[in-house]
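**Student:** Dropping in coords-v9.cif, which is mmCIF, N, CA and C atoms:
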data_structure
#
loop_
_atom_site.label_atom_id
_atom_site.label_comp_id
_atom_site.auth_asym_id
_atom_site.auth_seq_id
_atom_site.Cartn_x
_atom_site.Cartn_y
_atom_site.Cartn_z
N MET A 1 48.11 71.21 70.89
CA MET A 1 49.33 71.51 71.60
C MET A 1 48.98 71.85 73.05
N ALA A 2 49.76 71.35 73.97
CA ALA A 2 49.51 71.56 75.40
C ALA A 2 49.83 72.99 75.79
N GLY A 3 49.27 73.41 76.92
CA GLY A 3 49.50 74.76 77.44
C GLY A 3 50.92 74.95 77.96
N PRO A 4 51.23 76.15 78.43
CA PRO A 4 52.59 76.43 78.93
C PRO A 4 52.90 75.62 80.19
N PHE A 5 54.15 75.38 80.39
CA PHE A 5 54.59 74.66 81.58
C PHE A 5 54.57 75.61 82.78
N PRO A 6 54.11 75.14 83.93
CA PRO A 6 54.14 76.00 85.12
C PRO A 6 55.59 76.21 85.57
N TYR A 7 55.87 77.40 86.06
CA TYR A 7 57.23 77.69 86.55
C TYR A 7 57.16 78.83 87.56
N ALA A 8 58.18 78.95 88.33
CA ALA A 8 58.32 80.05 89.29
C ALA A 8 59.73 80.60 89.17
N LEU A 9 59.84 81.90 89.10
CA LEU A 9 61.15 82.53 89.02
C LEU A 9 61.76 82.66 90.40
N GLY A 10 63.03 82.36 90.51
CA GLY A 10 63.76 82.57 91.75
C GLY A 10 64.38 83.96 91.75
N GLN A 11 65.21 84.21 92.73
CA GLN A 11 65.92 85.48 92.78
C GLN A 11 66.84 85.60 91.58
N PRO A 12 66.96 86.80 91.03
CA PRO A 12 67.93 86.95 89.94
C PRO A 12 69.36 86.82 90.45
N VAL A 13 70.24 86.44 89.55
CA VAL A 13 71.66 86.37 89.91
C VAL A 13 72.08 87.75 90.42
N GLY A 14 72.74 87.79 91.54
CA GLY A 14 73.23 89.05 92.09
C GLY A 14 72.21 89.87 92.83
N ALA A 15 71.06 89.31 93.18
CA ALA A 15 70.04 90.07 93.90
C ALA A 15 70.57 90.55 95.25
N ARG A 16 71.42 89.77 95.88
CA ARG A 16 72.00 90.15 97.17
C ARG A 16 73.36 90.80 97.03
N ALA A 17 74.18 90.29 96.11
CA ALA A 17 75.53 90.83 95.93
C ALA A 17 76.13 90.28 94.64
N ASN A 18 77.09 91.01 94.10
CA ASN A 18 77.86 90.55 92.94
C ASN A 18 79.34 90.60 93.27
N MET A 19 80.01 89.50 93.03
CA MET A 19 81.43 89.40 93.31
C MET A 19 82.18 89.04 92.04
N GLY A 20 83.26 89.76 91.78
CA GLY A 20 84.17 89.41 90.70
C GLY A 20 85.39 88.74 91.29
N LEU A 21 85.98 87.84 90.55
CA LEU A 21 87.17 87.14 91.01
C LEU A 21 88.17 87.06 89.86
N ILE A 22 89.37 87.57 90.10
CA ILE A 22 90.45 87.46 89.12
C ILE A 22 91.39 86.39 89.64
N THR A 23 91.49 85.32 88.89
CA THR A 23 92.28 84.18 89.33
C THR A 23 93.36 83.86 88.30
N LEU A 24 94.35 83.15 88.74
CA LEU A 24 95.47 82.80 87.87
C LEU A 24 95.04 81.82 86.78
N GLN A 25 95.64 81.95 85.64
CA GLN A 25 95.38 81.05 84.52
C GLN A 25 95.58 79.60 84.95
N ALA A 26 96.56 79.34 85.80
CA ALA A 26 96.90 77.97 86.21
C ALA A 26 96.07 77.46 87.38
N ASP A 27 95.29 78.32 88.03
CA ASP A 27 94.55 77.91 89.23
C ASP A 27 93.39 77.00 88.84
N GLU A 28 93.30 75.86 89.50
CA GLU A 28 92.25 74.89 89.20
C GLU A 28 91.22 74.74 90.30
N THR A 29 91.38 75.44 91.42
CA THR A 29 90.50 75.16 92.56
C THR A 29 89.75 76.36 93.12
N ILE A 30 90.23 77.58 92.92
CA ILE A 30 89.65 78.71 93.65
C ILE A 30 88.18 78.96 93.29
N GLU A 31 87.80 78.77 92.04
CA GLU A 31 86.40 78.97 91.66
C GLU A 31 85.49 77.98 92.40
N TYR A 32 85.90 76.74 92.43
CA TYR A 32 85.14 75.71 93.13
C TYR A 32 85.03 76.06 94.61
N ASP A 33 86.15 76.44 95.22
CA ASP A 33 86.15 76.78 96.64
C ASP A 33 85.26 77.99 96.93
N MET A 34 85.34 79.01 96.09
CA MET A 34 84.53 80.21 96.31
C MET A 34 83.05 79.89 96.22
N ARG A 35 82.68 79.10 95.26
CA ARG A 35 81.26 78.75 95.12
C ARG A 35 80.75 77.95 96.32
N ARG A 36 81.60 77.14 96.90
CA ARG A 36 81.20 76.38 98.09
C ARG A 36 81.05 77.28 99.31
N LEU A 37 81.79 78.38 99.36
CA LEU A 37 81.74 79.29 100.50
C LEU A 37 80.58 80.28 100.43
N MET A 38 80.05 80.49 99.25
CA MET A 38 79.03 81.51 99.06
C MET A 38 77.63 80.94 99.26
N PRO A 39 76.69 81.83 99.65
CA PRO A 39 75.29 81.39 99.74
C PRO A 39 74.80 80.93 98.37
N GLN A 40 73.86 80.03 98.37
CA GLN A 40 73.37 79.45 97.13
C GLN A 40 72.49 80.41 96.32
N GLN A 41 71.80 81.31 96.96
CA GLN A 41 70.84 82.16 96.27
C GLN A 41 71.23 83.63 96.34
N GLY A 42 71.11 84.30 95.22
CA GLY A 42 71.20 85.75 95.20
C GLY A 42 72.58 86.35 95.13
N VAL A 43 73.63 85.55 95.08
CA VAL A 43 74.99 86.08 94.98
C VAL A 43 75.59 85.63 93.65
N GLY A 44 75.97 86.62 92.85
CA GLY A 44 76.59 86.32 91.57
C GLY A 44 78.10 86.27 91.70
N LEU A 45 78.72 85.26 91.15
CA LEU A 45 80.17 85.15 91.11
C LEU A 45 80.60 85.13 89.65
N TYR A 46 81.43 86.10 89.29
CA TYR A 46 81.91 86.24 87.92
C TYR A 46 83.43 86.15 87.95
N VAL A 47 84.00 85.33 87.07
CA VAL A 47 85.43 85.03 87.13
C VAL A 47 86.13 85.47 85.85
N SER A 48 87.30 86.04 86.04
CA SER A 48 88.20 86.36 84.94
C SER A 48 89.55 85.72 85.25
N ARG A 49 90.32 85.48 84.22
CA ARG A 49 91.65 84.87 84.39
C ARG A 49 92.73 85.88 84.03
N ILE A 50 93.87 85.74 84.70
CA ILE A 50 95.05 86.53 84.39
C ILE A 50 96.17 85.57 84.04
N ARG A 51 96.96 85.93 83.03
CA ARG A 51 98.08 85.08 82.64
C ARG A 51 99.01 84.85 83.82
N SER A 52 99.49 83.64 83.93
CA SER A 52 100.48 83.32 84.97
C SER A 52 101.53 82.40 84.34
N ALA A 53 102.77 82.75 84.56
CA ALA A 53 103.88 81.98 83.99
C ALA A 53 104.06 80.67 84.75
N PRO A 54 104.59 79.64 84.09
CA PRO A 54 104.82 78.36 84.78
C PRO A 54 105.86 78.48 85.89
N ASP A 55 106.84 79.39 85.71
CA ASP A 55 107.86 79.61 86.74
C ASP A 55 107.50 80.85 87.54
N VAL A 56 107.45 80.70 88.85
CA VAL A 56 107.11 81.82 89.72
C VAL A 56 108.39 82.52 90.15
N THR A 57 108.58 83.74 89.64
CA THR A 57 109.72 84.58 90.01
C THR A 57 109.20 85.98 90.28
N SER A 58 110.01 86.83 90.85
CA SER A 58 109.61 88.22 91.06
C SER A 58 109.25 88.89 89.74
N GLU A 59 109.97 88.54 88.68
CA GLU A 59 109.70 89.13 87.37
C GLU A 59 108.36 88.67 86.80
N THR A 60 108.08 87.37 86.90
CA THR A 60 106.82 86.89 86.34
C THR A 60 105.63 87.39 87.16
N LEU A 61 105.82 87.53 88.47
CA LEU A 61 104.76 88.08 89.30
C LEU A 61 104.55 89.56 88.99
N ALA A 62 105.64 90.29 88.78
CA ALA A 62 105.53 91.71 88.44
C ALA A 62 104.84 91.91 87.10
N GLN A 63 104.97 90.96 86.18
CA GLN A 63 104.30 91.06 84.88
C GLN A 63 102.78 91.14 85.05
N MET A 64 102.27 90.54 86.11
CA MET A 64 100.84 90.59 86.35
C MET A 64 100.35 92.02 86.55
N GLU A 65 101.23 92.90 87.01
CA GLU A 65 100.85 94.31 87.16
C GLU A 65 100.41 94.89 85.81
N GLN A 66 101.09 94.49 84.75
CA GLN A 66 100.73 94.96 83.40
C GLN A 66 99.43 94.32 82.91
N ASP A 67 99.18 93.09 83.31
CA ASP A 67 98.04 92.32 82.80
C ASP A 67 96.75 92.50 83.60
N LEU A 68 96.86 93.01 84.81
CA LEU A 68 95.70 93.08 85.71
C LEU A 68 94.56 93.96 85.18
N PRO A 69 94.82 95.15 84.65
CA PRO A 69 93.69 95.94 84.14
C PRO A 69 92.90 95.22 83.05
N ALA A 70 93.59 94.53 82.15
CA ALA A 70 92.89 93.80 81.09
C ALA A 70 92.06 92.65 81.66
N ALA A 71 92.59 91.96 82.66
CA ALA A 71 91.84 90.86 83.28
C ALA A 71 90.58 91.40 83.96
N ALA A 72 90.70 92.53 84.65
CA ALA A 72 89.53 93.15 85.29
C ALA A 72 88.52 93.60 84.24
N GLY A 73 89.02 94.07 83.11
CA GLY A 73 88.14 94.51 82.04
C GLY A 73 87.36 93.40 81.38
N LEU A 74 87.74 92.16 81.59
CA LEU A 74 87.01 91.02 81.03
C LEU A 74 85.82 90.61 81.89
N LEU A 75 85.70 91.17 83.10
CA LEU A 75 84.50 90.91 83.91
C LEU A 75 83.32 91.59 83.22
N PRO A 76 82.10 91.08 83.37
CA PRO A 76 80.96 91.65 82.66
C PRO A 76 80.78 93.15 82.94
N ASP A 77 80.75 93.92 81.87
CA ASP A 77 80.72 95.37 81.96
C ASP A 77 79.48 95.96 82.62
N PRO A 78 78.29 95.43 82.38
CA PRO A 78 77.12 96.10 82.96
C PRO A 78 76.96 95.90 84.46
N ILE A 79 77.79 95.11 85.09
CA ILE A 79 77.59 94.79 86.50
C ILE A 79 78.37 95.75 87.39
N ASP A 80 77.67 96.25 88.41
CA ASP A 80 78.33 97.02 89.47
C ASP A 80 78.67 96.02 90.58
N PHE A 81 79.95 95.75 90.73
CA PHE A 81 80.38 94.73 91.68
C PHE A 81 80.43 95.29 93.10
N ASP A 82 80.04 94.45 94.05
CA ASP A 82 80.21 94.81 95.46
C ASP A 82 81.66 94.65 95.85
N VAL A 83 82.31 93.65 95.28
CA VAL A 83 83.73 93.41 95.54
C VAL A 83 84.32 92.64 94.36
N VAL A 84 85.58 92.93 94.08
CA VAL A 84 86.36 92.13 93.14
C VAL A 84 87.59 91.65 93.88
N GLY A 85 87.80 90.36 93.89
CA GLY A 85 88.95 89.77 94.57
C GLY A 85 90.03 89.37 93.58
N TYR A 86 91.27 89.58 93.98
CA TYR A 86 92.42 89.14 93.19
C TYR A 86 93.03 87.97 93.94
N GLY A 87 93.07 86.80 93.33
CA GLY A 87 93.42 85.58 94.03
C GLY A 87 94.87 85.15 93.91
N CYS A 88 95.82 86.06 94.13
CA CYS A 88 97.23 85.67 94.05
C CYS A 88 98.01 86.32 95.20
N THR A 89 98.33 85.54 96.20
CA THR A 89 99.07 86.05 97.36
C THR A 89 100.45 86.55 96.95
N SER A 90 101.18 85.76 96.19
CA SER A 90 102.54 86.15 95.79
C SER A 90 102.52 87.40 94.93
N GLY A 91 101.59 87.46 93.98
CA GLY A 91 101.48 88.64 93.13
C GLY A 91 101.15 89.88 93.92
N THR A 92 100.28 89.75 94.91
CA THR A 92 99.92 90.89 95.75
C THR A 92 101.12 91.36 96.55
N SER A 93 101.94 90.43 97.05
CA SER A 93 103.10 90.83 97.84
C SER A 93 104.13 91.56 96.99
N VAL A 94 104.21 91.25 95.70
CA VAL A 94 105.16 91.92 94.81
C VAL A 94 104.60 93.26 94.32
N ILE A 95 103.33 93.27 93.91
CA ILE A 95 102.72 94.46 93.33
C ILE A 95 102.25 95.44 94.41
N GLY A 96 101.72 94.91 95.50
CA GLY A 96 101.20 95.74 96.59
C GLY A 96 99.69 95.88 96.54
N PRO A 97 99.03 95.79 97.69
CA PRO A 97 97.56 95.83 97.74
C PRO A 97 96.96 97.13 97.18
N GLU A 98 97.58 98.27 97.48
CA GLU A 98 97.03 99.54 97.00
C GLU A 98 97.07 99.60 95.48
N ARG A 99 98.17 99.16 94.91
CA ARG A 99 98.31 99.17 93.46
C ARG A 99 97.34 98.17 92.82
N ILE A 100 97.16 97.02 93.45
CA ILE A 100 96.18 96.04 92.96
C ILE A 100 94.80 96.69 92.87
N ALA A 101 94.40 97.37 93.94
CA ALA A 101 93.08 98.03 93.97
C ALA A 101 92.96 99.07 92.86
N GLU A 102 94.01 99.84 92.66
CA GLU A 102 94.01 100.86 91.61
C GLU A 102 93.86 100.23 90.23
N LEU A 103 94.61 99.18 89.96
CA LEU A 103 94.59 98.54 88.65
C LEU A 103 93.26 97.84 88.36
N VAL A 104 92.71 97.18 89.35
CA VAL A 104 91.43 96.49 89.17
C VAL A 104 90.31 97.51 88.94
N SER A 105 90.31 98.58 89.72
CA SER A 105 89.25 99.59 89.63
C SER A 105 89.31 100.37 88.32
N ARG A 106 90.42 100.33 87.66
CA ARG A 106 90.58 101.07 86.40
C ARG A 106 89.61 100.57 85.32
N ASN A 107 89.35 99.27 85.28
CA ASN A 107 88.57 98.71 84.17
C ASN A 107 87.28 98.01 84.57
N CYS A 108 86.87 98.12 85.83
CA CYS A 108 85.56 97.59 86.20
C CYS A 108 85.00 98.41 87.36
N ARG A 109 83.68 98.43 87.45
CA ARG A 109 83.02 99.19 88.52
C ARG A 109 82.87 98.29 89.75
N THR A 110 83.57 98.66 90.80
CA THR A 110 83.48 97.89 92.04
C THR A 110 83.56 98.81 93.24
N LYS A 111 82.83 98.46 94.27
CA LYS A 111 82.87 99.24 95.51
C LYS A 111 84.14 98.96 96.30
N GLN A 112 84.67 97.77 96.14
CA GLN A 112 85.81 97.35 96.95
C GLN A 112 86.65 96.34 96.18
N VAL A 113 87.96 96.36 96.44
CA VAL A 113 88.87 95.35 95.89
C VAL A 113 89.51 94.62 97.06
N SER A 114 89.55 93.32 96.96
CA SER A 114 90.15 92.50 98.01
C SER A 114 91.26 91.65 97.41
N ASP A 115 92.20 91.30 98.25
CA ASP A 115 93.30 90.42 97.86
C ASP A 115 93.69 89.60 99.08
N PRO A 116 94.52 88.59 98.91
CA PRO A 116 94.85 87.73 100.05
C PRO A 116 95.52 88.44 101.22
N LEU A 117 96.23 89.53 100.98
CA LEU A 117 96.89 90.23 102.09
C LEU A 117 95.93 91.12 102.86
N THR A 118 95.04 91.83 102.17
CA THR A 118 94.11 92.72 102.88
C THR A 118 92.91 91.97 103.42
N ALA A 119 92.68 90.76 102.96
CA ALA A 119 91.53 89.99 103.42
C ALA A 119 91.75 89.37 104.79
N LEU A 120 92.98 89.37 105.27
CA LEU A 120 93.26 88.74 106.57
C LEU A 120 92.68 89.50 107.72
#
Using structure tokens, write down the structure that the file contains.

**Tutor:**
Amino acid sequence: MAGPFPYALGQPVGARANMGLITLQADETIEYDMRRLMPQQGVGLYVSRIRSAPDVTSETLAQMEQDLPAAAGLLPDPIDFDVVGYGCTSGTSVIGPERIAELVSRNCRTKQVSDPLTAL
């Protein structure tokens, strides 16, 4: 039997930073876009989904307020996130950025919460 294969370990996932992303169930592009914007090495991107209704109304957007803590809780528990982003502009405008930060921080460890309104 031949000897072991030579290999070299790279940086571990998240060596530079760890980012969580809560995106809509219906969103098909934000994960791809985020990965293209991030450095290739040392930054971990972890994604969770939140239910989103097919019809966008104030009521369906407000429902996300109830679902947000559970979505944040689905991000990997042992990770201390540098930031967790919530990827819904309309939902943020209905729920409010401060409340978004409170709800996300309830079920995951993060230094900062970002959303489309506060990220500007």

**Student:** Hey, what comes out of the PyMOL selection byres ((chain A and resi 18) around 6.5) on this file? Could you write it as an MDAnalysis selection string?

**Tutor:** chainID A and resid 14:17 19:20 43:46 80:83

**Student:** Compare A:Pro97, A:Gly42, A:Leu103, A:Pro78 by their minimum atom-to-atom distance to Glu65 (chain A), counting all atoms listed in the file, and give me the closest one.

**Tutor:**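 Looking only at the distances to Glu65 (chain A), the closest residue turns out to be A:Leu103.
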
**Student:** Taking only C-alpha atoms into account, name the residue in A:Val13, A:Glu31, A:Pro54, A:Ala62 that is nearest to Ser90 (chain A).

**Tutor:**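 Of the candidates, the smallest distance to Ser90 (chain A) is held by A:Ala62.
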
**Student:** Counting only N, CA and C atoms, write as a ChimeraX atom specification all protein and nucleic acid residues lying at most 7 Å from (90.2, 88.5, 94.3) in the file's frame.

**Tutor:** /A:20-23,84-88,113-116

**Student:** With only C-alpha atoms as the counted atoms, please give the residues lying no more than 6 Å from region 67-77 of chain A, apart from itself and same-chain residues fewer than 5 positions off, as a VMD selection string.

**Tutor:** chain A and resid 48 50 103 to 104 107 to 108

**Student:** Could you expand the PyMOL selection byres ((chain A and resi 61) around 8) into the explicit residues it covers here, written as a list in words?

**Tutor:**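 For this structure, the PyMOL selection byres ((chain A and resi 61) around 8) resolves to Ser52, Ala53, Asp55, Val56, Thr57, Ser58, Glu59, Thr60, Ala62, Gln63, Met64, Glu65, Gln66, Ser90, Gly91, Thr92, Val94 and Ile95 of chain A.
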